[in-house]
Amino acid sequence: MKIKDARSLPAIAQEDLRRKAVKAVQEGKTQVEVAALFGVTRQAVGRWVTSYREGGSRRLKSRRQGRPPGRSLEPWQAAQTVRAITDRHPDQLKLPFYLWTREAVVQFIHERYGILLSVWTVGRYLRDWGFTPQKPLRRAFEQDPEAVRRWLEEDYPAIRAQARREKAQIYWGDEMGMRSDHQTGTTYGRKGETPVIPGTGQRFRCNMISAIHNRGKLYFMVYRKGFTARVFTAFLRRLVRQVDGPLFLIVDGHPVHRAKETKRWVAKQNQRVRLFYLPGYSPELNPDELLNQDVKSNAVGRNRPRNQSEMMRTIRGFLHSRQKCPKQVEKYFQEKHVQYAAL
């Protein structure tokens, strides 16, 4: 007789088959004869007989198929978990985690409700609740939420209204340093064999200062020396020559932006240019930071310059290409934290 896989039978049929096979063995038939009679393997019959001897007929009952049942969260427990993930960080809840990972949620649920779930179950919960894995933004502890609120609701609307009255253009400025060993992106390679990218062992850097407008205008300066009031005022001179009419420039609170030399130069411009300052520790409010990230990722991190001059040429070339694509510059203002500046 052809041996069949009893696991393909319905659960109730499997249980009936096991009981009949054991009964046949008890009536005097050998396990080989019973196996041939019911079309199963002798080993299967042996396991059934052993199970019966160890636990009786209850051991022959069919077990629940599929995922083993486990405790699930009550609606109120799910709601509290969602609120905790949304409003708090794990370390604020005295959990040994910095980010909300599946493991962190597992431990939170276990400690709070005494329910131990697997990371896969928690992953399904998170998906159903609308959570997805994301790279978090870094925000300084020193940031003043009230100052941010005041900037968004009072200060910037007042600056925008003043610019309309005086027919001034609002630009957003920032500066950053770039190193030759900065790297971004990934490359394909064989599993277990990390690709090696050749590049110079020398380390060199350069700096960049830029200003952008929400209508796609971009001005920049790439330079070798450090950022000083003299460098900043040199950039401002260029900017004043290139922008028609009054100019409002919004920058962060860097000491150079507030230096006496900078203020003296601005005071001599007869209201031609004015500086406004973002709340402290709030780079996410400056759309020019998006340009900085673009430059670091696509002009610096994906190239291997041999020297400082080549690096500066690459950066200038990239920024010139951005100047020719005002739509791309406008896209910086579509990021959710700086959309207020797009108006």
# chains A, B, ... in the order shown; residues from 1 in each chain; ligands from 1

$ residues_around --residues "segment 48-60 of chain A" --least-positions-apart "5" --cutoff "8 Å" --atoms "only C-alpha atoms" --output "JSON, numbers by chain"
{"A": [15, 18, 19, 21, 22, 25]}

$ select_by_dssp --residues "segment 12-122 of chain A" --states "helix (DSSP H, G or I)" --output "NGL selection string"
:A and (12-26 or 31-38 or 42-60 or 75-87 or 90-93 or 102-113 or 119-122)

$ residues_around --residues "Pro145 of chain A" --least-positions-apart "6" --cutoff "12 Å" --atoms "only C-alpha atoms" --output "ChimeraX atom specification"
/A:139,151-152,279-282

$ residues_around --residues "segment 234-247 of chain A" --least-positions-apart "4" --cutoff "7 Å" --atoms "only C-alpha atoms" --output "PyMOL selection string"
chain A and resi 167-170+221+230+272-274

$ write_last_selection --atoms "C-alpha atoms" --output "short mmCIF file (atom, residue, chain, number, x, y, z; two decimals), in the first residue's frame"
data_model
loop_
_atom_site.label_atom_id
_atom_site.label_comp_id
_atom_site.auth_asym_id
_atom_site.auth_seq_id
_atom_site.Cartn_x
_atom_site.Cartn_y
_atom_site.Cartn_z
CA LYS A 167 9.42 94.93 -0.60
CA ALA A 168 12.39 93.03 0.77
CA GLN A 169 13.47 89.51 -0.20
CA ILE A 170 13.87 86.91 2.55
CA MET A 221 30.80 80.91 -1.52
CA ARG A 230 35.55 88.96 7.72
CA ARG A 272 19.97 97.59 2.66
CA VAL A 273 20.47 94.33 4.55
CA ARG A 274 19.11 93.12 7.88
#

$ residues_around --residues "Leu99 of chain A" --least-positions-apart "4" --cutoff "10 Å" --atoms "only C-alpha atoms" --output "PyMOL selection string"
chain A and resi 85+89-91+95+103-105+136

$ closest_residue --among "A:Phe108, A:Phe227, A:Tyr125, A:Trp172" --to "Lys94 of chain A" --atoms "only C-alpha atoms"
A:Phe108

$ closest_residue --among "A:Gln92, A:Asn286, A:Thr314, A:Asn307" --to "Ala211 of chain A" --atoms "only C-alpha atoms"
A:Asn286

$ closest_residue --among "A:Arg304, A:Arg138, A:Lys296, A:Lys20" --to "Leu319 of chain A" --atoms "only C-alpha atoms"
A:Lys296

$ atom_distance --atom1 "atom CA of Tyr98 of chain A" --atom2 "atom CA of Lys135 of chain A"
12.8 Å

$ residues_around --residues "Tyr332 of chain A" --least-positions-apart "6" --cutoff "8 Å" --atoms "only C-alpha atoms" --output "list in words"
Pro287, Asp288, Leu290 and Leu291 of chain A

$ write_last_selection --atoms "N, CA and C atoms" --output "PDB file, in the first residue's frame"
ATOM      1  N   PRO A 287      15.707  76.063   6.200  1.00  0.00           N
ATOM      2  CA  PRO A 287      15.706  75.281   4.952  1.00  0.00           C
ATOM      3  C   PRO A 287      17.085  75.160   4.311  1.00  0.00           C
ATOM      4  N   ASP A 288      17.992  76.085   4.631  1.00  0.00           N
ATOM      5  CA  ASP A 288      19.338  75.994   4.057  1.00  0.00           C
ATOM      6  C   ASP A 288      20.075  74.759   4.554  1.00  0.00           C
ATOM      7  N   LEU A 290      18.856  71.874   4.447  1.00  0.00           N
ATOM      8  CA  LEU A 290      18.571  70.842   3.440  1.00  0.00           C
ATOM      9  C   LEU A 290      19.563  70.921   2.287  1.00  0.00           C
ATOM     10  N   LEU A 291      19.967  72.140   1.925  1.00  0.00           N
ATOM     11  CA  LEU A 291      21.012  72.288   0.908  1.00  0.00           C
ATOM     12  C   LEU A 291      22.321  71.700   1.420  1.00  0.00           C
TER      13      LEU A 291
END

$ residues_around --residues "Trp120 of chain A" --least-positions-apart "2" --cutoff "12 Å" --atoms "only C-alpha atoms" --output "VMD selection string"
chain A and resid 67 101 to 103 105 to 106 116 to 118 122 to 127
